[in-house]
Structure formats: structure tokens, C-alpha cells
file start_16.pdb (PDB, C-alpha atoms)
ATOM      1  CA  MET A  21     135.071 167.979 126.317
ATOM      2  CA  THR A  22     131.466 167.682 127.486
ATOM      3  CA  THR A  23     130.416 171.341 127.145
ATOM      4  CA  PRO A  24     128.188 171.880 124.067
ATOM      5  CA  LEU A  25     130.407 173.557 121.493
ATOM      6  CA  SER A  26     127.647 175.515 119.799
ATOM      7  CA  VAL A  27     126.877 177.698 122.821
ATOM      8  CA  TYR A  28     130.308 179.291 122.703
ATOM      9  CA  LEU A  29     130.666 180.046 119.009
ATOM     10  CA  PRO A  30     129.302 183.207 117.411
ATOM     11  CA  PHE A  31     126.918 182.886 114.467
ATOM     12  CA  ASN A  32     125.097 180.129 116.370
ATOM     13  CA  ARG A  33     121.694 181.300 117.575
ATOM     14  CA  GLU A  34     122.298 179.603 120.927
ATOM     15  CA  VAL A  35     124.574 182.528 121.814
ATOM     16  CA  LEU A  36     121.416 184.633 122.170
ATOM     17  CA  GLY A  37     119.524 182.005 124.161
ATOM     18  CA  ALA A  38     115.959 182.827 125.109
ATOM     19  CA  ASP A  39     116.549 186.541 124.407
ATOM     20  CA  PHE A  40     115.802 186.039 120.711
ATOM     21  CA  GLU A  41     112.628 184.676 119.115
ATOM     22  CA  PRO A  42     112.777 184.152 115.324
ATOM     23  CA  ALA A  43     109.947 185.515 113.188
ATOM     24  CA  LYS A  44     109.031 182.262 111.460
ATOM     25  CA  ARG A  45     105.346 183.215 111.351
ATOM     26  CA  GLY A  46     106.034 185.993 108.832
ATOM     27  CA  GLY A  47     104.036 189.191 108.786
ATOM     28  CA  GLY A  48     105.516 191.503 111.369
ATOM     29  CA  PRO A  49     104.661 194.553 113.443
ATOM     30  CA  PRO A  50     102.456 197.116 111.699
ATOM     31  CA  GLU A  51     105.269 199.674 111.825
ATOM     32  CA  ALA A  52     108.971 199.116 111.075
ATOM     33  CA  ARG A  53     110.404 200.344 114.360
ATOM     34  CA  GLY A  54     112.885 198.554 116.584
ATOM     35  CA  LEU A  55     116.478 197.360 116.201
ATOM     36  CA  TRP A  56     118.038 197.590 112.742
ATOM     37  CA  LEU A  57     120.428 195.018 111.293
ATOM     38  CA  LEU A  58     121.552 196.837 108.164
ATOM     39  CA  VAL A  59     124.085 194.941 106.071
ATOM     40  CA  GLN A  60     126.363 196.517 103.477
ATOM     41  CA  ASP A  61     128.915 194.302 101.719
ATOM     42  CA  GLN A  62     129.238 191.831 104.647
ATOM     43  CA  GLN A  63     129.478 194.706 107.108
ATOM     44  CA  LEU A  64     127.019 195.674 109.824
ATOM     45  CA  VAL A  65     125.886 199.271 110.324
ATOM     46  CA  VAL A  66     126.497 200.235 113.966
ATOM     47  CA  ALA A  67     126.845 203.259 116.211
ATOM     48  CA  SER A  68     129.790 203.602 118.581
ATOM     49  CA  ASP A  69     128.921 204.232 122.196
ATOM     50  CA  GLY A  70     131.875 204.740 124.507
ATOM     51  CA  GLY A  71     134.008 202.177 122.705
ATOM     52  CA  ALA A  72     131.162 199.658 122.467
ATOM     53  CA  PHE A  73     128.822 199.043 119.560
ATOM     54  CA  ARG A  74     125.053 199.348 119.431
ATOM     55  CA  LEU A  75     122.489 198.807 116.730
ATOM     56  CA  PRO A  76     120.432 201.692 115.320
ATOM     57  CA  GLU A  77     117.104 201.741 117.159
ATOM     58  CA  GLY A  78     113.675 203.219 116.533
ATOM     59  CA  ALA A  79     112.641 204.192 113.020
ATOM     60  CA  LEU A  80     114.862 203.511 110.016
ATOM     61  CA  PRO A  81     117.837 205.912 110.279
ATOM     62  CA  SER A  82     117.048 209.125 108.440
ATOM     63  CA  GLY A  83     118.440 209.307 104.916
ATOM     64  CA  LEU A  84     118.303 205.573 104.232
ATOM     65  CA  GLU A  85     114.715 205.526 102.990
ATOM     66  CA  PRO A  86     115.696 205.509  99.273
ATOM     67  CA  ALA A  87     117.958 202.475  99.841
ATOM     68  CA  VAL A  88     115.570 200.401 101.982
ATOM     69  CA  LYS A  89     112.345 199.485 100.203
ATOM     70  CA  GLU A  90     111.085 196.424 102.094
ATOM     71  CA  PRO A  91     112.705 195.733 105.475
ATOM     72  CA  PHE A  92     112.520 192.096 106.550
ATOM     73  CA  TRP A  93     111.300 191.214 110.048
ATOM     74  CA  LEU A  94     113.929 188.848 111.476
ATOM     75  CA  GLY A  95     112.565 188.307 114.975
ATOM     76  CA  THR A  96     112.399 189.834 118.442
ATOM     77  CA  LEU A  97     115.307 190.500 120.799
ATOM     78  CA  ARG A  98     114.301 191.039 124.424
ATOM     79  CA  GLY A  99     110.926 192.352 123.285
ATOM     80  CA  ALA A 100     112.315 194.647 120.556
ATOM     81  CA  PRO A 101     111.439 193.840 116.919
ATOM     82  CA  CYS A 102     114.532 193.298 114.751
ATOM     83  CA  PHE A 103     114.441 194.390 111.125
ATOM     84  CA  THR A 104     117.067 193.728 108.495
ATOM     85  CA  ALA A 105     117.783 195.176 105.069
ATOM     86  CA  GLU A 106     120.645 195.136 102.575
ATOM     87  CA  LEU A 107     122.185 198.467 101.632
ATOM     88  CA  PRO A 108     123.762 199.031  98.207
ATOM     89  CA  LYS A 109     127.546 199.307  98.291
ATOM     90  CA  ASP A 110     127.418 202.978  97.321
ATOM     91  CA  ALA A 111     124.717 204.000  99.821
ATOM     92  CA  PRO A 112     126.096 206.724 102.150
ATOM     93  CA  LEU A 113     125.548 206.296 105.882
ATOM     94  CA  PRO A 114     123.905 208.923 108.103
ATOM     95  CA  GLU A 115     126.126 210.815 110.513
ATOM     96  CA  GLY A 116     126.921 208.873 113.658
ATOM     97  CA  LEU A 117     126.809 205.453 111.999
ATOM     98  CA  LYS A 118     129.670 203.378 110.635
ATOM     99  CA  LEU A 119     130.437 199.944 109.224
ATOM    100  CA  GLU A 120     132.019 197.071 111.120
ATOM    101  CA  THR A 121     132.942 193.851 109.332
ATOM    102  CA  LEU A 122     131.093 190.647 110.154
ATOM    103  CA  LEU A 123     133.979 188.517 108.861
ATOM    104  CA  PRO A 124     136.269 186.937 111.488
ATOM    105  CA  MET A 125     139.082 186.674 108.932
ATOM    106  CA  ARG A 126     138.968 190.451 108.525
ATOM    107  CA  GLY A 127     139.391 191.042 112.231
ATOM    108  CA  THR A 128     135.833 191.739 113.337
ATOM    109  CA  LYS A 129     135.466 193.667 116.596
ATOM    110  CA  LEU A 130     131.773 192.967 117.075
ATOM    111  CA  PRO A 131     130.669 191.080 120.198
ATOM    112  CA  ASP A 132     129.332 187.566 119.815
ATOM    113  CA  ASP A 133     125.668 188.516 120.160
ATOM    114  CA  MET A 134     125.925 191.086 117.347
ATOM    115  CA  LEU A 135     127.823 188.620 115.166
ATOM    116  CA  SER A 136     125.072 186.052 115.683
ATOM    117  CA  LEU A 137     122.322 188.558 114.877
ATOM    118  CA  GLY A 138     124.277 189.869 111.894
ATOM    119  CA  GLY A 139     124.839 186.337 110.626
ATOM    120  CA  MET A 140     121.125 185.550 110.795
ATOM    121  CA  ALA A 141     120.404 188.808 108.998
ATOM    122  CA  MET A 142     122.842 187.910 106.206
ATOM    123  CA  GLN A 143     121.283 184.476 105.760
ATOM    124  CA  ALA A 144     117.745 185.880 105.768
ATOM    125  CA  LEU A 145     118.685 188.468 103.149
ATOM    126  CA  TRP A 146     120.411 185.820 101.026
ATOM    127  CA  TRP A 147     117.273 183.681 101.185
ATOM    128  CA  GLN A 148     115.053 186.616 100.263
ATOM    129  CA  ASN A 149     117.274 187.488  97.299
ATOM    130  CA  THR A 150     117.408 183.922  95.958
ATOM    131  CA  SER A 151     113.861 182.658  96.610
ATOM    132  CA  GLY A 152     111.650 185.191  94.853
ATOM    133  CA  PHE A 153     110.795 182.841  91.998
ATOM    134  CA  CYS A 154     109.909 179.175  91.860
ATOM    135  CA  PRO A 155     112.962 177.090  90.850
ATOM    136  CA  ARG A 156     110.627 174.669  89.048
ATOM    137  CA  CYS A 157     108.400 176.915  86.906
ATOM    138  CA  GLY A 158     109.606 180.494  87.475
ATOM    139  CA  GLU A 159     106.424 181.875  89.060
ATOM    140  CA  PRO A 160     106.845 184.506  91.839
ATOM    141  CA  THR A 161     106.689 182.750  95.225
ATOM    142  CA  THR A 162     104.772 183.550  98.419
ATOM    143  CA  ARG A 163     105.697 182.986 102.067
ATOM    144  CA  ILE A 164     104.382 179.793 103.720
ATOM    145  CA  GLU A 165     102.452 180.778 106.834
ATOM    146  CA  GLY A 166     104.317 179.844 110.003
ATOM    147  CA  GLU A 167     107.520 178.937 108.129
ATOM    148  CA  TRP A 168     110.583 180.542 106.527
ATOM    149  CA  GLY A 169     109.782 178.639 103.340
ATOM    150  CA  LYS A 170     108.249 179.820 100.062
ATOM    151  CA  ARG A 171     105.473 178.260  97.960
ATOM    152  CA  CYS A 172     104.738 178.585  94.270
ATOM    153  CA  PRO A 173     101.083 179.550  93.685
ATOM    154  CA  ARG A 174     101.125 177.889  90.259
ATOM    155  CA  CYS A 175     102.763 174.457  90.692
ATOM    156  CA  ARG A 176     102.606 174.403  94.537
ATOM    157  CA  TYR A 177     106.297 173.551  94.841
ATOM    158  CA  GLU A 178     107.680 174.430  98.293
ATOM    159  CA  HIS A 179     111.270 175.256  99.089
ATOM    160  CA  TYR A 180     113.058 176.357 102.235
ATOM    161  CA  PRO A 181     116.214 178.275 103.164
ATOM    162  CA  HIS A 182     119.226 176.470 101.807
ATOM    163  CA  LEU A 183     121.924 175.482 104.279
ATOM    164  CA  HIS A 184     124.994 173.892 102.703
ATOM    165  CA  PRO A 185     126.776 171.325 104.931
ATOM    166  CA  ALA A 186     130.570 171.316 105.019
ATOM    167  CA  VAL A 187     132.961 169.268 107.131
ATOM    168  CA  ILE A 188     136.080 170.668 108.781
ATOM    169  CA  ILE A 189     138.643 168.216 110.070
ATOM    170  CA  MET A 190     141.627 168.089 112.397
ATOM    171  CA  VAL A 191     143.855 165.116 111.509
ATOM    172  CA  ARG A 192     145.926 163.958 114.487
ATOM    173  CA  ASP A 193     148.814 161.493 114.651
ATOM    174  CA  ILE A 194     149.443 160.185 118.157
ATOM    175  CA  GLY A 195     152.926 158.709 118.509
ATOM    176  CA  ASP A 196     155.511 157.682 121.073
ATOM    177  CA  ASP A 197     157.758 160.556 119.991
ATOM    178  CA  GLY A 198     155.001 163.165 120.393
ATOM    179  CA  ASP A 199     151.705 164.134 118.874
ATOM    180  CA  ARG A 200     151.367 166.016 115.605
ATOM    181  CA  VAL A 201     148.565 167.700 113.685
ATOM    182  CA  LEU A 202     148.110 167.996 109.921
ATOM    183  CA  LEU A 203     147.243 171.556 108.850
ATOM    184  CA  ALA A 204     146.826 173.238 105.479
ATOM    185  CA  ARG A 205     146.797 176.760 104.061
ATOM    186  CA  LYS A 206     145.282 178.542 101.085
ATOM    187  CA  ALA A 207     147.322 181.035  99.066
ATOM    188  CA  GLU A 208     144.985 183.951  99.853
ATOM    189  CA  TRP A 209     145.310 183.575 103.634
ATOM    190  CA  ALA A 210     147.472 185.844 105.774
ATOM    191  CA  PRO A 211     151.184 184.899 105.870
ATOM    192  CA  GLY A 212     151.860 182.067 108.290
ATOM    193  CA  ARG A 213     148.182 181.165 108.692
ATOM    194  CA  TYR A 214     147.415 177.437 108.709
ATOM    195  CA  ALA A 215     144.090 175.818 109.512
ATOM    196  CA  LEU A 216     142.054 172.658 108.991
ATOM    197  CA  VAL A 217     141.074 170.754 105.880
ATOM    198  CA  ALA A 218     137.453 171.474 104.928
ATOM    199  CA  GLY A 219     135.011 170.795 102.122
ATOM    200  CA  PHE A 220     131.367 170.469 101.139
ATOM    201  CA  VAL A 221     129.353 167.271 101.525
ATOM    202  CA  ASP A 222     128.526 165.594  98.212
ATOM    203  CA  ASN A 223     125.118 164.263  97.208
ATOM    204  CA  GLY A 224     124.600 160.778  98.661
ATOM    205  CA  GLU A 225     127.593 161.070 100.987
ATOM    206  CA  SER A 226     127.705 160.525 104.743
ATOM    207  CA  LEU A 227     129.514 163.059 106.912
ATOM    208  CA  GLU A 228     132.155 160.487 107.854
ATOM    209  CA  GLY A 229     132.593 159.563 104.214
ATOM    210  CA  CYS A 230     133.016 163.219 103.332
ATOM    211  CA  VAL A 231     135.723 163.588 105.996
ATOM    212  CA  ALA A 232     137.733 160.690 104.551
ATOM    213  CA  ARG A 233     137.268 161.870 100.952
ATOM    214  CA  GLU A 234     138.161 165.522 101.561
ATOM    215  CA  VAL A 235     141.308 164.646 103.500
ATOM    216  CA  LYS A 236     142.394 162.153 100.838
ATOM    217  CA  GLU A 237     141.674 164.534  97.953
ATOM    218  CA  GLU A 238     143.244 167.659  99.444
ATOM    219  CA  VAL A 239     146.281 166.333 101.356
ATOM    220  CA  GLY A 240     146.644 162.702 100.223
ATOM    221  CA  VAL A 241     146.487 160.820 103.529
ATOM    222  CA  ASP A 242     144.045 158.291 104.979
ATOM    223  CA  VAL A 243     142.163 158.696 108.271
ATOM    224  CA  LYS A 244     140.312 156.496 110.768
ATOM    225  CA  ASP A 245     138.413 156.933 114.057
ATOM    226  CA  VAL A 246     136.385 159.904 112.804
ATOM    227  CA  HIS A 247     134.633 161.703 115.687
ATOM    228  CA  TYR A 248     132.181 164.602 115.583
ATOM    229  CA  VAL A 249     132.971 167.474 117.984
ATOM    230  CA  GLY A 250     130.520 170.292 117.191
ATOM    231  CA  SER A 251     129.067 172.657 114.622
ATOM    232  CA  GLN A 252     128.900 176.317 113.684
ATOM    233  CA  ASN A 253     126.516 178.231 111.490
ATOM    234  CA  TRP A 254     128.636 180.052 108.896
ATOM    235  CA  PRO A 255     126.597 182.702 107.050
ATOM    236  CA  PHE A 256     129.002 183.451 104.180
ATOM    237  CA  PRO A 257     126.562 183.069 102.580
ATOM    238  CA  SER A 258     124.732 180.005 103.934
ATOM    239  CA  GLN A 259     126.748 177.108 105.380
ATOM    240  CA  ILE A 260     126.800 174.852 108.425
ATOM    241  CA  MET A 261     130.315 173.793 109.437
ATOM    242  CA  LEU A 262     130.455 170.322 111.020
ATOM    243  CA  GLY A 263     133.633 169.816 113.021
ATOM    244  CA  PHE A 264     135.493 166.494 113.302
ATOM    245  CA  VAL A 265     138.731 165.066 114.609
ATOM    246  CA  ALA A 266     140.237 162.023 112.920
ATOM    247  CA  THR A 267     143.298 159.844 113.424
ATOM    248  CA  TYR A 268     146.013 159.530 110.789
ATOM    249  CA  ALA A 269     145.888 156.062 109.199
ATOM    250  CA  GLY A 270     148.734 156.258 106.670
ATOM    251  CA  GLY A 271     149.985 157.804 103.464
ATOM    252  CA  GLU A 272     152.284 160.664 102.484
ATOM    253  CA  ILE A 273     151.183 164.281 102.115
ATOM    254  CA  ARG A 274     150.267 165.139  98.516
ATOM    255  CA  VAL A 275     148.829 168.626  98.236
ATOM    256  CA  ASP A 276     146.050 169.349  95.768
ATOM    257  CA  HIS A 277     147.372 172.689  94.532
ATOM    258  CA  SER A 278     144.083 173.561  92.896
ATOM    259  CA  GLU A 279     142.691 173.851  96.443
ATOM    260  CA  LEU A 280     145.668 174.499  98.724
ATOM    261  CA  GLU A 281     149.053 176.171  98.714
ATOM    262  CA  ASP A 282     150.635 173.943 101.356
ATOM    263  CA  ALA A 283     150.005 171.246 103.971
ATOM    264  CA  ARG A 284     152.330 169.939 106.644
ATOM    265  CA  TRP A 285     152.584 168.344 110.088
ATOM    266  CA  PHE A 286     152.980 170.518 113.173
ATOM    267  CA  PRO A 287     153.664 169.515 116.784
ATOM    268  CA  GLY A 288     150.371 169.517 118.688
ATOM    269  CA  ASP A 289     151.776 171.917 121.270
ATOM    270  CA  ALA A 290     153.331 174.320 118.753
ATOM    271  CA  LEU A 291     150.708 175.213 116.157
ATOM    272  CA  PRO A 292     151.281 178.207 113.850
ATOM    273  CA  ASN A 293     149.179 181.360 113.641
ATOM    274  CA  ARG A 294     145.686 179.901 113.843
ATOM    275  CA  PRO A 295     142.241 181.312 113.016
ATOM    276  CA  SER A 296     140.550 183.519 115.595
ATOM    277  CA  ARG A 297     138.310 182.247 118.373
ATOM    278  CA  HIS A 298     135.275 183.254 116.263
ATOM    279  CA  SER A 299     135.526 180.170 114.055
ATOM    280  CA  ILE A 300     135.087 176.477 114.705
ATOM    281  CA  ALA A 301     138.523 175.959 113.120
ATOM    282  CA  GLY A 302     140.140 178.107 115.810
ATOM    283  CA  TYR A 303     138.159 176.340 118.527
ATOM    284  CA  ILE A 304     139.151 172.853 117.387
ATOM    285  CA  MET A 305     142.811 173.835 117.017
ATOM    286  CA  GLN A 306     142.796 175.291 120.517
ATOM    287  CA  HIS A 307     141.044 172.409 122.274
ATOM    288  CA  TYR A 308     141.867 169.250 120.324
ATOM    289  CA  ALA A 309     145.478 169.597 119.153
ATOM    290  CA  ASN A 310     146.826 167.714 122.177
ATOM    291  CA  PRO A 311     144.893 164.412 122.298
ATOM    292  CA  ARG A 312     146.361 163.305 125.641
ATOM    293  CA  ARG A 313     144.848 166.395 127.297
ATOM    294  CA  THR A 314     141.449 166.221 125.534
TER     295      THR A 314
END
call {"tool": "encode", "arguments": {"input": "start_16.pdb", "output": "C-alpha cells"}}
result
Amino acid sequence: MTTPLSVYLPFNREVLGADFEPAKRGGGPPEARGLWLLVQDQQLVVASDGGAFRLPEGALPSGLEPAVKEPFWLGTLRGAPCFTAELPKDAPLPEGLKLETLLPMRGTKLPDDMLSLGGMAMQALWWQNTSGFCPRCGEPTTRIEGEWGKRCPRCRYEHYPHLHPAVIIMVRDIGDDGDRVLLARKAEWAPGRYALVAGFVDNGESLEGCVAREVKEEVGVDVKDVHYVGSQNWPFPSQIMLGFVATYAGGEIRVDHSELEDARWFPGDALPNRPSRHSIAGYIMQHYANPRRT
């Protein structure tokens, strides 16, 4: 597996390539006209066009003015300014527009480029909503020129968009009688859905240490030979998923039922209903479940 994983996973900006330039410098065009990434309850406002989706373009769609006070300039896509704004849950949509979920686990139908733009919009809006005041002294913050970050005019404290690292791990056991993979499920998932063990990185912890700890805590087994395989931006609301494969090193499965409903071994060539291709979990399960073919 030598192909860079990030290029082929939605929510990673690499999907857009050179077509997109982020608006780190702040400011923005003098007039809010261009492509609109309007988010309502983790759904993107789109127009249907012959079975495909397109973003509203031009001025802010008529009728949404009361709901959109300060649109945020996200960047430029193929020369077109991209603006984003969050709509209240009860805001009605103008005729011709509809909502499409951004969540893979809810069966999104959006193409990868729209998912990546929508994910960046969600993260930008989350940052705007959580960075208006200095976390040290409470003073209203201002944008740092040339950066996404904010600065406090009183105490001069600077802070930047928060990205929370989490590891996601496939545990493999390679044996003479066949290869198997350890998968887990949460109670709220769809029936029959199993996926990978995952968890957030603790303060002072290495990524490899987090892999070993999360696997031990959630399913009770030990691992070795931890290898990084790729990453995915996960804007729900602001995570970076760091994918690993590890080799089973011993122990019996003991499920932490405060985190999981079940965990069990599956043959590497007969995995259950797995996550969609939109997630790094689905990618790893598809490409790394059979170690002899990796």
C-alpha cells in the first residue's frame, strides 16, 4: 500500500487539490457573492440538478437574510469565493433547495468534493462559535492577520482552531489456521455493524501508546508491531483520525461495556457489515484485513 491514503478519503482537503485555496488571510471579498456552504444540523443546503447536487451560487439565497448575519469566507474554489454560515434548525429553506446529510453513517449521497468542502465549513463554523472570547481572561477576541487563529487584545493570548487527535486501530492475528481481525460495535450502531477500536489521545501520550492503551481498555487484549497507515479529517465536530494496524500479542477479549456492546474475532476474508467507503474505518477494513495480500 504505497498510495497516499489521504487523497482518497473525503473530508481531507487533498480531495480538492489545487482547486481550493483556504482563506487564511481573513478579510474577504467586498461583497458576499459566490458559492454557499450553508449548514443546518450537520446537513448541507444543496440544489438538485438532474440527479446531481450543486451548491447555491451568487448572492445569498433569497429569504435566508434573517438567518445569516455574518457569513464566513472559507476560501476560493476554482476562482469562486466560498462562504459558509450556520442556519438555525427551524429556518425554512427557499424553494428549490433541500438538505443532504454530511454524515457517512446516515448514508450521505454527496460527492467527495462536496463532503470535503462541507466538512471544512463545519469546522470553520465550530471554531467561530467557540473562539469569540479569550479562554484566559474572557475578552472578545480578534482574528490574527494571515492566520485562522484569534488573539486577545487585553492579555495577548493567542489560540488556534482545535483539532482533537484520535487513533483508530485494526487488530490482526496472523495464524497458520487463517487470519482473523478483532472488531467491536457500539449499541447505537445499525444492526450487524462492526468496526474498529478507536479513542482519543491523552495528554502526554504517544500515538503508539494510545493505540496499546485503547485496545487494552476497550477489548482487553495486548498488541505489538503498531504501524501507521493514514489519516482522515473528521469534522464532527473537530477531529483528526489517525489509522493504525497492530498485531495481536495475547490476552482474552474483555469488553468494556461502558464503551462497547460487543467485540469479537472475524475471519479476515469474511468481515461483517462494515462502515462505508467514506470513513477511514471502512478503508482500513477493506484494504488491511488480509495481511498476506497487503
call {"tool": "atom_distance", "arguments": {"input": "start_16.pdb", "atom1": "atom CA of Cys230 of chain A", "atom2": "atom CA of Ala207 of chain A"}}
result
23.2 Å
call {"tool": "closest_residue", "arguments": {"input": "start_16.pdb", "among": "A:Ser68, A:Gln62, A:Gln252, A:Thr121", "to": "Ala141 of chain A", "atoms": "only C-alpha atoms"}}
result
A:Gln62
call {"tool": "resolve_selection", "arguments": {"input": "start_16.pdb", "expression": "the PyMOL selection byres ((chain A and resi 295) around 8)", "output": "list in words"}}
result
Met125, Arg213, Tyr214, Ala215, Asn293, Arg294, Ser296, Arg297, His298, Ser299, Ala301 and Gly302 of chain A
call {"tool": "residues_around", "arguments": {"input": "start_16.pdb", "residues": "Leu113 of chain A", "least_positions_apart": "5", "cutoff": "8 Å", "atoms": "only C-alpha atoms", "output": "VMD selection string"}}
result
chain A and resid 83 to 84 118
call {"tool": "residues_around", "arguments": {"input": "start_16.pdb", "residues": "Leu97 of chain A", "least_positions_apart": "3", "cutoff": "9 Å", "atoms": "all atoms listed in the file", "output": "list in words"}}
result
Leu36, Ala38, Asp39, Phe40, Glu41, Pro42, Leu55, Ala100, Pro101 and Cys102 of chain A
